[in-house]
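Q: Below is the structure I would like to discuss, written out as structure tokens.
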Amino acid sequence: MLKQLLLKTVAIAAMVACSSAALAQEQVIKIGTHEPLTGTMARAGNGQQDGIKFAVAEANEKYTGKYQFKLVTIDDESSPAKAVSAVEKLASQDVVAITGGYGSSIVGPASATAHDLGIPYITASAIAKGLTDRGFDNFFRITNFAGYAKAMVGYIKMLDKRVGVDTVSVLYDKNVSTAQMAKAVESRLQKLGMTVHMHGFAGGTTQFSSLINKIRIQDKPDVLAVPAHENGYIAILRAAKLLKPDIKAIVAGWGLATVKMNKEFNGLMQGVAGTGFLSYPVQFTNESAKMFAQQFQQVYGHLPDYLTLYGYVPTKLMIEAIVQAADSGELTSQRIEQALYKTDQQTLLGQVKLDAAGDNPHFTQRIGQHQGDRIEIVWPESVATAPVVLPGRPW
Amino acid sequence: MLELTLQALFTGILFGAFYALIALGLALVFGTMKVINLAHGELILLAAYIAFTFESVAGWNPLAALPVALIIVSACAAVIYLLVSRIREDRELNSLILTFGLAIILTNVILMTWTGNVQGTGWNWAHQPVILAGGTLFAMNAQVLAGVTGLVLVVLLYFWLNHTWYGRAVRAVSSSPDAAKLMGVNPRRTELLSFLIAGVLATFAGIALYSAQTVTPPLGESLTITAFIITVLAGMGSISGVLIGGLLIGIIEALTVTWLSSSLRELSGMVLFLLVLLVFPSGLSGLMASIKTLGRT
């Protein structure tokens, strides 16, 4: 009995020693992230952060004994100035790369600071056009406004085939990203021979009765396209529901085809479509995505949403680039950037192949439509979870 | 075009009256104490979030939040007064800095308590249409309610200031605190009363705001700016000027959207504001005084 106990103790001690030795050989690599964990964009920041943490945990499991990734997180409080300061702090803590960030107005200055400090930066949540025109070789992004515009126009083209669309009124928030998206939608629709009426409004506008009435009486559009933000959508839809213009559908930009909007403004959202990558309840079609969702749910107790993917996908790509650089024996910014430029793979956000500017021209958003208590993907038809319901308006 | 213009005028009047409601509390305190309470927008927002809590947690109608919101918001207004009243030198300037700081604190308290999500009422009646003039004029019930509340409170406040002892005391303190003291008026108590009434007005504005549109924590700042512009446009402490100023801004914004472009909406309000101040530096009350003088001669 005593002998058996002694043997067991020796065996456990040997195992501990071996694993300690393995851990000692692991190279610890720090990855930084700044997220709006508090402030006005806290919901988005916390959602992304779950995806980032999951990607790091997954990598630590995959590369056990070889590399150990340590995530350094700083809350940028939804403020561009604090994001810049966060990047400086991350640099002082020797991170080899930065992932995450939310919003073009925050990612812009933060990534410029990362450029000055020579740190590679990747994001999926900053779509403004100018960000990849700066000539930075350290900046990479998975999503862009062109992918959103492509989706809105693709949806309108689909409507054109079904019910005929000649005229589109575009109501857009004059904020940089939404204005760029509106212009891109306008030029694409004009190329299709449609008549487009543009109506910009200042962010924070709360009364749209006069504008919707003008659209109803003067524009007489078939479709209302609305690249804006949450409070704009609610005010516009309330005014539209009041004045009931004779339109066939409403399609919005980001922030509309979300669970929150479906739950909190259900009556107002019915039939309205917006850009969104995932249906609700989430339905993944391919096996690897299903496995990802299952594992994520086991850890976090809920299914992943689009924010999770916006954190997970760029972080995973960045880690793969870091591993390639580390495997070559030269873990430098240049090596990581070179590896990222070679990225060409299918991800949970579609194909990612980064061009010379660090952008992903293959990115195409999807369109989700509020249908009862669900959000169904209705465009592209190849990945649709349900057919589109027309007329796509809440009255 | 006539149909569009009529709808724009109708919308402009409703929003103008609501703008006046937003500005009323600020104008009262400004008129009494020469203090611009830069936390006034946050007080309105606080009332809106209390209504949201009543609706989302208890499932009650936002209007049911009125008694509780009145107590909380008026208490906050009283605290702001107590802090402002401790300023001994340069009260006009130092109170600006103090109330600006309080506005930041209130915004962050709201943000921490209710998060940064966009919130709006699910009260169906609020979004049902009011259709007038044979289907030419449209508005939501909540917009009509907000506009009518604004008009009624302007009239009540005007009546209170001109026809009650306390109202006259407020005006006396605003004209000359020392003379008011000689007449047996306690300036501190009168100033506190002004702040409390401003809190009451902010509560009505907040609940009307939550019923008619969406709220987010940064909204307080733009409410204060709107209130400030109308107060200055009206002329110092002029209650009737507040109503006229609010209506002018509401109408000019709606007409700009209809006749010109929605992009120029905010600009049109600011141009009107600057033009009025350029011609009548004491605001619309100066204009009204000039008209009265002309009438007499």
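Ordering of the structure tokens sets the chain letters (A, B, ...); residue numbers start at 1 within each chain; ligands are numbered from 1 in the order shown.
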Step one, run DSSP on the backbone; step two, keep only residues of segment 194-344 of chain A assigned to alpha helix (DSSP H); then write them as a VMD selection string.

A: chain A and resid 209 to 214 230 to 243 259 to 264 266 to 269 287 to 300 306 to 327 333 to 341

Q: Counting only C-alpha atoms, what are the residues of chain B within 9 Å of chain A, and for each of them which pair of atoms is the nearest and at what distance in Å, to one decimal? Sort the table by chain and rising number, as JSON lines.

A:
{"residue": "B:Met1", "atom": "CA", "partner": "A:Ile217", "partner_atom": "CA", "distance": 8.8}
{"residue": "B:Glu3", "atom": "CA", "partner": "A:Ile217", "partner_atom": "CA", "distance": 8.8}
{"residue": "B:Leu4", "atom": "CA", "partner": "A:Lys214", "partner_atom": "CA", "distance": 6.5}
{"residue": "B:Thr5", "atom": "CA", "partner": "A:Ser210", "partner_atom": "CA", "distance": 8.8}
{"residue": "B:Gln7", "atom": "CA", "partner": "A:Ser210", "partner_atom": "CA", "distance": 6.8}
{"residue": "B:Ala8", "atom": "CA", "partner": "A:Ser210", "partner_atom": "CA", "distance": 5.5}
{"residue": "B:Thr11", "atom": "CA", "partner": "A:Ser210", "partner_atom": "CA", "distance": 7.0}
{"residue": "B:Gly12", "atom": "CA", "partner": "A:Ser210", "partner_atom": "CA", "distance": 8.8}
{"residue": "B:Phe15", "atom": "CA", "partner": "A:Gln207", "partner_atom": "CA", "distance": 8.3}
{"residue": "B:Asn108", "atom": "CA", "partner": "A:Gly39", "partner_atom": "CA", "distance": 8.3}
{"residue": "B:Leu111", "atom": "CA", "partner": "A:Gly39", "partner_atom": "CA", "distance": 7.0}
{"residue": "B:Met112", "atom": "CA", "partner": "A:Gly39", "partner_atom": "CA", "distance": 8.3}
{"residue": "B:Thr115", "atom": "CA", "partner": "A:Thr40", "partner_atom": "CA", "distance": 7.4}
{"residue": "B:Gly116", "atom": "CA", "partner": "A:Thr40", "partner_atom": "CA", "distance": 4.5}
{"residue": "B:Asn117", "atom": "CA", "partner": "A:Thr40", "partner_atom": "CA", "distance": 7.3}
{"residue": "B:Val118", "atom": "CA", "partner": "A:Asn231", "partner_atom": "CA", "distance": 6.3}
{"residue": "B:Gln119", "atom": "CA", "partner": "A:Glu264", "partner_atom": "CA", "distance": 8.3}
{"residue": "B:Gly120", "atom": "CA", "partner": "A:Phe265", "partner_atom": "CA", "distance": 8.2}
{"residue": "B:Thr121", "atom": "CA", "partner": "A:Phe265", "partner_atom": "CA", "distance": 8.7}
{"residue": "B:Gly122", "atom": "CA", "partner": "A:Phe265", "partner_atom": "CA", "distance": 7.1}
{"residue": "B:His127", "atom": "CA", "partner": "A:Arg238", "partner_atom": "CA", "distance": 7.2}
{"residue": "B:Gln128", "atom": "CA", "partner": "A:Leu242", "partner_atom": "CA", "distance": 7.4}
{"residue": "B:Pro129", "atom": "CA", "partner": "A:Leu242", "partner_atom": "CA", "distance": 5.8}
{"residue": "B:Val130", "atom": "CA", "partner": "A:Leu242", "partner_atom": "CA", "distance": 8.8}
{"residue": "B:Phe138", "atom": "CA", "partner": "A:Leu243", "partner_atom": "CA", "distance": 6.9}
{"residue": "B:Ala139", "atom": "CA", "partner": "A:Leu242", "partner_atom": "CA", "distance": 7.1}
{"residue": "B:Met140", "atom": "CA", "partner": "A:Leu242", "partner_atom": "CA", "distance": 6.9}
{"residue": "B:Gln213", "atom": "CA", "partner": "A:Ala235", "partner_atom": "CA", "distance": 6.7}
{"residue": "B:Thr214", "atom": "CA", "partner": "A:Asn231", "partner_atom": "CA", "distance": 6.2}
{"residue": "B:Val215", "atom": "CA", "partner": "A:Asn231", "partner_atom": "CA", "distance": 7.8}
{"residue": "B:Thr216", "atom": "CA", "partner": "A:Asn231", "partner_atom": "CA", "distance": 8.4}
{"residue": "B:Pro217", "atom": "CA", "partner": "A:Thr40", "partner_atom": "CA", "distance": 7.7}
{"residue": "B:Pro218", "atom": "CA", "partner": "A:Thr40", "partner_atom": "CA", "distance": 8.0}
{"residue": "B:Leu219", "atom": "CA", "partner": "A:Gly204", "partner_atom": "CA", "distance": 8.0}
{"residue": "B:Ser222", "atom": "CA", "partner": "A:Gly204", "partner_atom": "CA", "distance": 8.5}
{"residue": "B:Ala254", "atom": "CA", "partner": "A:Ser210", "partner_atom": "CA", "distance": 6.1}
{"residue": "B:Leu255", "atom": "CA", "partner": "A:Ser210", "partner_atom": "CA", "distance": 8.1}
{"residue": "B:Val257", "atom": "CA", "partner": "A:Leu211", "partner_atom": "CA", "distance": 6.2}
{"residue": "B:Thr258", "atom": "CA", "partner": "A:Ser210", "partner_atom": "CA", "distance": 6.1}
{"residue": "B:Ser261", "atom": "CA", "partner": "A:His199", "partner_atom": "CA", "distance": 7.1}
{"residue": "B:Ser262", "atom": "CA", "partner": "A:Phe201", "partner_atom": "CA", "distance": 5.5}
{"residue": "B:Ser263", "atom": "CA", "partner": "A:Phe201", "partner_atom": "CA", "distance": 4.8}
{"residue": "B:Leu264", "atom": "CA", "partner": "A:Phe201", "partner_atom": "CA", "distance": 8.0}
{"residue": "B:Arg265", "atom": "CA", "partner": "A:Phe201", "partner_atom": "CA", "distance": 7.8}
{"residue": "B:Glu266", "atom": "CA", "partner": "A:Ala202", "partner_atom": "CA", "distance": 7.6}

Q: Skipping near chain neighbours, those fewer than 6 positions away, what residues fall within 9 Å of Gln49 of chain A using only C-alpha atoms, listed as a ChimeraX atom specification?

A: /A:33,35,37,73,100,307-308,311-312

Q: Only all heavy atoms, please: the residues just picked out, written as a PDB file, in the first residue's frame.

A:
ATOM      1  N   THR A  33      -5.035  44.642 -27.115  1.00  0.00           N
ATOM      2  CA  THR A  33      -6.309  45.104 -27.668  1.00  0.00           C
ATOM      3  C   THR A  33      -6.825  46.295 -26.867  1.00  0.00           C
ATOM      4  O   THR A  33      -6.626  46.364 -25.656  1.00  0.00           O
ATOM      5  CB  THR A  33      -7.375  43.980 -27.694  1.00  0.00           C
ATOM      6  OG1 THR A  33      -8.560  44.498 -28.299  1.00  0.00           O
ATOM      7  CG2 THR A  33      -7.724  43.464 -26.307  1.00  0.00           C
ATOM      8  N   GLU A  35     -10.477  48.168 -26.408  1.00  0.00           N
ATOM      9  CA  GLU A  35     -11.895  48.019 -26.739  1.00  0.00           C
ATOM     10  C   GLU A  35     -12.714  49.020 -25.931  1.00  0.00           C
ATOM     11  O   GLU A  35     -12.335  49.344 -24.799  1.00  0.00           O
ATOM     12  CB  GLU A  35     -12.376  46.607 -26.368  1.00  0.00           C
ATOM     13  CG  GLU A  35     -11.858  45.505 -27.266  1.00  0.00           C
ATOM     14  CD  GLU A  35     -12.457  45.528 -28.663  1.00  0.00           C
ATOM     15  OE1 GLU A  35     -13.521  46.143 -28.857  1.00  0.00           O
ATOM     16  OE2 GLU A  35     -11.847  44.938 -29.564  1.00  0.00           O
ATOM     17  N   LEU A  37     -14.896  49.146 -23.584  1.00  0.00           N
ATOM     18  CA  LEU A  37     -15.583  48.301 -22.597  1.00  0.00           C
ATOM     19  C   LEU A  37     -16.561  49.116 -21.744  1.00  0.00           C
ATOM     20  O   LEU A  37     -17.455  48.573 -21.115  1.00  0.00           O
ATOM     21  CB  LEU A  37     -14.563  47.597 -21.706  1.00  0.00           C
ATOM     22  CG  LEU A  37     -13.571  46.697 -22.456  1.00  0.00           C
ATOM     23  CD1 LEU A  37     -12.549  46.104 -21.508  1.00  0.00           C
ATOM     24  CD2 LEU A  37     -14.278  45.589 -23.207  1.00  0.00           C
ATOM     25  N   THR A  73      -5.450  43.793 -22.356  1.00  0.00           N
ATOM     26  CA  THR A  73      -6.629  44.586 -22.758  1.00  0.00           C
ATOM     27  C   THR A  73      -6.651  45.925 -22.040  1.00  0.00           C
ATOM     28  O   THR A  73      -6.421  45.986 -20.828  1.00  0.00           O
ATOM     29  CB  THR A  73      -7.925  43.821 -22.398  1.00  0.00           C
ATOM     30  OG1 THR A  73      -7.865  42.538 -23.014  1.00  0.00           O
ATOM     31  CG2 THR A  73      -9.163  44.549 -22.883  1.00  0.00           C
ATOM     32  N   GLY A 100      -8.546  44.321 -32.723  1.00  0.00           N
ATOM     33  CA  GLY A 100      -9.776  44.894 -32.153  1.00  0.00           C
ATOM     34  C   GLY A 100      -9.956  46.357 -32.488  1.00  0.00           C
ATOM     35  O   GLY A 100      -9.656  46.792 -33.590  1.00  0.00           O
ATOM     36  N   LEU A 307     -20.783  40.558 -33.328  1.00  0.00           N
ATOM     37  CA  LEU A 307     -19.695  41.223 -32.616  1.00  0.00           C
ATOM     38  C   LEU A 307     -18.616  40.211 -32.224  1.00  0.00           C
ATOM     39  O   LEU A 307     -17.418  40.510 -32.248  1.00  0.00           O
ATOM     40  CB  LEU A 307     -20.229  41.949 -31.378  1.00  0.00           C
ATOM     41  CG  LEU A 307     -21.078  43.190 -31.667  1.00  0.00           C
ATOM     42  CD1 LEU A 307     -21.820  43.634 -30.421  1.00  0.00           C
ATOM     43  CD2 LEU A 307     -20.201  44.326 -32.192  1.00  0.00           C
ATOM     44  N   THR A 308     -19.070  39.026 -31.844  1.00  0.00           N
ATOM     45  CA  THR A 308     -18.123  37.966 -31.503  1.00  0.00           C
ATOM     46  C   THR A 308     -17.216  37.705 -32.709  1.00  0.00           C
ATOM     47  O   THR A 308     -15.992  37.602 -32.571  1.00  0.00           O
ATOM     48  CB  THR A 308     -18.874  36.648 -31.173  1.00  0.00           C
ATOM     49  OG1 THR A 308     -19.961  36.927 -30.319  1.00  0.00           O
ATOM     50  CG2 THR A 308     -17.955  35.627 -30.582  1.00  0.00           C
ATOM     51  N   GLY A 311     -14.619  40.251 -33.374  1.00  0.00           N
ATOM     52  CA  GLY A 311     -13.453  40.143 -32.485  1.00  0.00           C
ATOM     53  C   GLY A 311     -12.634  38.907 -32.810  1.00  0.00           C
ATOM     54  O   GLY A 311     -11.408  38.947 -32.857  1.00  0.00           O
ATOM     55  N   TYR A 312     -13.337  37.826 -33.077  1.00  0.00           N
ATOM     56  CA  TYR A 312     -12.676  36.519 -33.246  1.00  0.00           C
ATOM     57  C   TYR A 312     -11.846  36.429 -34.538  1.00  0.00           C
ATOM     58  O   TYR A 312     -10.667  36.063 -34.497  1.00  0.00           O
ATOM     59  CB  TYR A 312     -13.750  35.429 -33.223  1.00  0.00           C
ATOM     60  CG  TYR A 312     -13.250  34.048 -33.521  1.00  0.00           C
ATOM     61  CD1 TYR A 312     -12.598  33.280 -32.549  1.00  0.00           C
ATOM     62  CD2 TYR A 312     -13.420  33.476 -34.784  1.00  0.00           C
ATOM     63  CE1 TYR A 312     -12.138  32.005 -32.834  1.00  0.00           C
ATOM     64  CE2 TYR A 312     -12.965  32.207 -35.066  1.00  0.00           C
ATOM     65  CZ  TYR A 312     -12.329  31.474 -34.101  1.00  0.00           C
ATOM     66  OH  TYR A 312     -11.871  30.209 -34.381  1.00  0.00           O
TER      67      TYR A 312
END

Q: Expressed in Å to a single decimal, how great is the separation between atom CA of Ile50 of chain B and atom CA of Gln48 of chain A?

A: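 Straight-line distance from atom CA of Ile50 of chain B to atom CA of Gln48 of chain A works out to 29.7 Å.
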
Q: Within 7 Å of Leu96 of chain B, counting only C-alpha atoms, which residues qualify if same-chain residues fewer than 6 places away don't, as a PDB file with C-alpha atoms, in the first residue's frame?

A:
ATOM      1  CA  ILE B  36     -26.714  79.256 -16.950  1.00  0.00           C
ATOM      2  CA  ASN B  37     -27.329  75.772 -15.619  1.00  0.00           C
ATOM      3  CA  LEU B  38     -25.347  73.651 -18.059  1.00  0.00           C
TER       4      LEU B  38
END

Q: Give me every strand (DSSP E) residue in segment 157-236 of chain A, going by DSSP on the backbone, as an NGL selection string.

A: :A and (167-173 or 195-201 or 223-226)

Q: Which of these residues is nearest to Phe30 of chain B, using only C-alpha atoms: B:Glu92, B:Gly250, B:Ser290, B:Val185?

A: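 For Phe30 of chain B, the nearest of the given residues is B:Glu92.
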
Q: Looking at B:Ser85, B:Tyr210, B:Thr113, B:Tyr166, which one is nearest to Ile197 of chain B, with distances taken over only C-alpha atoms?

A: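 Checking each of B:Ser85, B:Tyr210, B:Thr113, B:Tyr166 against Ile197 of chain B, counting only C-alpha atoms, the winner is B:Tyr166.
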
Q: Hey, what's within 10 Å of Pro120 of chain A if we count only C-alpha atoms and toss same-chain stuff fewer than 5 positions away? As number ranges by chain, please?

A: A: 95-99, 111, 114-115, 136-140, 318, 332-337, 340

Q: Grab the residues selected above and save them as an mmCIF file, in the first residue's frame with N, CA, C and O atoms.

A:
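Now in selection_22.cif:
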data_model
loop_
_atom_site.group_PDB
_atom_site.id
_atom_site.type_symbol
_atom_site.label_atom_id
_atom_site.label_comp_id
_atom_site.auth_asym_id
_atom_site.auth_seq_id
_atom_site.Cartn_x
_atom_site.Cartn_y
_atom_site.Cartn_z
ATOM 1 N N VAL A 95 3.668 44.528 -26.493
ATOM 2 C CA VAL A 95 2.808 43.671 -27.311
ATOM 3 C C VAL A 95 3.405 43.618 -28.719
ATOM 4 O O VAL A 95 4.011 44.588 -29.186
ATOM 5 N N VAL A 96 3.227 42.472 -29.399
ATOM 6 C CA VAL A 96 3.812 42.363 -30.747
ATOM 7 C C VAL A 96 2.812 42.811 -31.813
ATOM 8 O O VAL A 96 3.201 43.095 -32.945
ATOM 9 N N ALA A 97 1.526 42.841 -31.447
ATOM 10 C CA ALA A 97 0.497 43.244 -32.415
ATOM 11 C C ALA A 97 -0.747 43.692 -31.664
ATOM 12 O O ALA A 97 -0.914 43.367 -30.485
ATOM 13 N N ILE A 98 -1.612 44.423 -32.371
ATOM 14 C CA ILE A 98 -2.870 44.890 -31.761
ATOM 15 C C ILE A 98 -4.043 44.411 -32.605
ATOM 16 O O ILE A 98 -4.013 44.467 -33.836
ATOM 17 N N THR A 99 -5.064 43.936 -31.918
ATOM 18 C CA THR A 99 -6.286 43.492 -32.592
ATOM 19 C C THR A 99 -7.478 44.188 -31.959
ATOM 20 O O THR A 99 -7.414 44.590 -30.803
ATOM 21 N N SER A 111 -4.834 53.438 -34.802
ATOM 22 C CA SER A 111 -3.961 52.702 -35.720
ATOM 23 C C SER A 111 -2.833 53.592 -36.236
ATOM 24 O O SER A 111 -1.745 53.104 -36.552
ATOM 25 N N ALA A 114 -0.293 53.301 -33.651
ATOM 26 C CA ALA A 114 0.361 51.989 -33.779
ATOM 27 C C ALA A 114 1.362 52.022 -34.927
ATOM 28 O O ALA A 114 2.450 51.440 -34.844
ATOM 29 N N HIS A 115 1.009 52.750 -35.987
ATOM 30 C CA HIS A 115 1.919 52.880 -37.145
ATOM 31 C C HIS A 115 3.201 53.595 -36.722
ATOM 32 O O HIS A 115 4.305 53.164 -37.045
ATOM 33 N N PHE A 136 -0.412 53.113 -44.748
ATOM 34 C CA PHE A 136 0.191 52.427 -43.591
ATOM 35 C C PHE A 136 0.382 50.953 -43.941
ATOM 36 O O PHE A 136 -0.581 50.282 -44.329
ATOM 37 N N ASP A 137 1.611 50.453 -43.744
ATOM 38 C CA ASP A 137 1.810 49.029 -44.032
ATOM 39 C C ASP A 137 1.520 48.161 -42.804
ATOM 40 O O ASP A 137 1.603 46.945 -42.853
ATOM 41 N N ASN A 138 1.132 48.810 -41.709
ATOM 42 C CA ASN A 138 0.832 48.024 -40.494
ATOM 43 C C ASN A 138 -0.655 47.821 -40.285
ATOM 44 O O ASN A 138 -1.061 47.140 -39.361
ATOM 45 N N PHE A 139 -1.496 48.460 -41.118
ATOM 46 C CA PHE A 139 -2.939 48.465 -40.850
ATOM 47 C C PHE A 139 -3.692 47.487 -41.764
ATOM 48 O O PHE A 139 -3.549 47.522 -42.989
ATOM 49 N N PHE A 140 -4.497 46.633 -41.137
ATOM 50 C CA PHE A 140 -5.261 45.626 -41.881
ATOM 51 C C PHE A 140 -6.699 45.623 -41.369
ATOM 52 O O PHE A 140 -6.925 45.780 -40.176
ATOM 53 N N MET A 318 -4.538 37.359 -37.024
ATOM 54 C CA MET A 318 -3.314 37.982 -36.491
ATOM 55 C C MET A 318 -2.453 36.930 -35.792
ATOM 56 O O MET A 318 -1.218 36.900 -35.970
ATOM 57 N N THR A 332 9.158 39.734 -35.780
ATOM 58 C CA THR A 332 9.216 41.195 -35.918
ATOM 59 C C THR A 332 7.931 41.690 -36.574
ATOM 60 O O THR A 332 7.186 40.908 -37.179
ATOM 61 N N SER A 333 7.719 42.982 -36.485
ATOM 62 C CA SER A 333 6.526 43.586 -37.097
ATOM 63 C C SER A 333 6.499 43.304 -38.594
ATOM 64 O O SER A 333 5.455 42.962 -39.156
ATOM 65 N N GLN A 334 7.675 43.448 -39.232
ATOM 66 C CA GLN A 334 7.736 43.255 -40.690
ATOM 67 C C GLN A 334 7.301 41.835 -41.059
ATOM 68 O O GLN A 334 6.539 41.633 -41.994
ATOM 69 N N ARG A 335 7.802 40.847 -40.297
ATOM 70 C CA ARG A 335 7.461 39.445 -40.595
ATOM 71 C C ARG A 335 5.955 39.205 -40.401
ATOM 72 O O ARG A 335 5.326 38.513 -41.185
ATOM 73 N N ILE A 336 5.417 39.766 -39.336
ATOM 74 C CA ILE A 336 3.975 39.590 -39.069
ATOM 75 C C ILE A 336 3.169 40.216 -40.209
ATOM 76 O O ILE A 336 2.232 39.624 -40.741
ATOM 77 N N GLU A 337 3.588 41.421 -40.604
ATOM 78 C CA GLU A 337 2.870 42.116 -41.690
ATOM 79 C C GLU A 337 2.966 41.333 -43.000
ATOM 80 O O GLU A 337 1.970 41.188 -43.722
ATOM 81 N N LEU A 340 0.579 38.544 -42.883
ATOM 82 C CA LEU A 340 -0.811 38.999 -43.044
ATOM 83 C C LEU A 340 -1.140 39.294 -44.510
ATOM 84 O O LEU A 340 -2.234 38.985 -44.978
#

Q: Fewer than 4 positions away in the same chain doesn't count, so skip those; otherwise give me all residues within 10 Å of Leu247 of chain B, counting only C-alpha atoms, as a PyMOL selection string.

A: chain B and resi 9+12-20+230+241-243+251-253

Q: Could you dump the residues just selected with N, CA and C atoms as a PDB file, in the first residue's frame?

A:
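This is the output file result08.pdb:
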ATOM      1  N   LEU B   9     -45.191  73.388 -41.374  1.00  0.00           N
ATOM      2  CA  LEU B   9     -45.596  74.366 -40.356  1.00  0.00           C
ATOM      3  C   LEU B   9     -46.166  73.658 -39.127  1.00  0.00           C
ATOM      4  N   GLY B  12     -43.357  72.021 -37.350  1.00  0.00           N
ATOM      5  CA  GLY B  12     -42.527  73.071 -36.753  1.00  0.00           C
ATOM      6  C   GLY B  12     -43.158  73.631 -35.487  1.00  0.00           C
ATOM      7  N   ILE B  13     -44.471  73.830 -35.500  1.00  0.00           N
ATOM      8  CA  ILE B  13     -45.164  74.370 -34.313  1.00  0.00           C
ATOM      9  C   ILE B  13     -45.083  73.369 -33.158  1.00  0.00           C
ATOM     10  N   LEU B  14     -45.342  72.094 -33.465  1.00  0.00           N
ATOM     11  CA  LEU B  14     -45.298  71.078 -32.399  1.00  0.00           C
ATOM     12  C   LEU B  14     -43.887  70.970 -31.809  1.00  0.00           C
ATOM     13  N   PHE B  15     -42.887  70.911 -32.689  1.00  0.00           N
ATOM     14  CA  PHE B  15     -41.516  70.802 -32.184  1.00  0.00           C
ATOM     15  C   PHE B  15     -41.064  72.088 -31.509  1.00  0.00           C
ATOM     16  N   GLY B  16     -41.529  73.215 -32.045  1.00  0.00           N
ATOM     17  CA  GLY B  16     -41.159  74.494 -31.443  1.00  0.00           C
ATOM     18  C   GLY B  16     -41.665  74.600 -30.015  1.00  0.00           C
ATOM     19  N   ALA B  17     -42.924  74.165 -29.803  1.00  0.00           N
ATOM     20  CA  ALA B  17     -43.487  74.198 -28.449  1.00  0.00           C
ATOM     21  C   ALA B  17     -42.720  73.251 -27.532  1.00  0.00           C
ATOM     22  N   PHE B  18     -42.290  72.123 -28.087  1.00  0.00           N
ATOM     23  CA  PHE B  18     -41.496  71.181 -27.297  1.00  0.00           C
ATOM     24  C   PHE B  18     -40.107  71.763 -26.985  1.00  0.00           C
ATOM     25  N   TYR B  19     -39.504  72.437 -27.969  1.00  0.00           N
ATOM     26  CA  TYR B  19     -38.217  73.119 -27.721  1.00  0.00           C
ATOM     27  C   TYR B  19     -38.375  74.124 -26.582  1.00  0.00           C
ATOM     28  N   ALA B  20     -39.509  74.851 -26.598  1.00  0.00           N
ATOM     29  CA  ALA B  20     -39.760  75.841 -25.545  1.00  0.00           C
ATOM     30  C   ALA B  20     -39.823  75.150 -24.182  1.00  0.00           C
ATOM     31  N   ILE B 230     -32.227  78.841 -27.335  1.00  0.00           N
ATOM     32  CA  ILE B 230     -33.568  79.439 -27.249  1.00  0.00           C
ATOM     33  C   ILE B 230     -33.620  80.496 -26.145  1.00  0.00           C
ATOM     34  N   GLY B 241     -40.743  85.091 -24.708  1.00  0.00           N
ATOM     35  CA  GLY B 241     -39.675  85.018 -25.716  1.00  0.00           C
ATOM     36  C   GLY B 241     -39.229  83.586 -25.952  1.00  0.00           C
ATOM     37  N   VAL B 242     -39.249  82.779 -24.882  1.00  0.00           N
ATOM     38  CA  VAL B 242     -38.861  81.367 -25.010  1.00  0.00           C
ATOM     39  C   VAL B 242     -39.824  80.653 -25.955  1.00  0.00           C
ATOM     40  N   LEU B 243     -41.099  80.934 -25.785  1.00  0.00           N
ATOM     41  CA  LEU B 243     -42.091  80.267 -26.642  1.00  0.00           C
ATOM     42  C   LEU B 243     -41.917  80.718 -28.095  1.00  0.00           C
ATOM     43  N   ILE B 251     -40.114  76.018 -36.593  1.00  0.00           N
ATOM     44  CA  ILE B 251     -40.709  76.256 -37.924  1.00  0.00           C
ATOM     45  C   ILE B 251     -39.621  76.423 -38.983  1.00  0.00           C
ATOM     46  N   ILE B 252     -38.586  77.197 -38.647  1.00  0.00           N
ATOM     47  CA  ILE B 252     -37.531  77.433 -39.653  1.00  0.00           C
ATOM     48  C   ILE B 252     -36.831  76.113 -40.007  1.00  0.00           C
ATOM     49  N   GLU B 253     -36.634  75.256 -39.010  1.00  0.00           N
ATOM     50  CA  GLU B 253     -35.986  73.959 -39.290  1.00  0.00           C
ATOM     51  C   GLU B 253     -36.870  73.100 -40.207  1.00  0.00           C
TER      52      GLU B 253
END
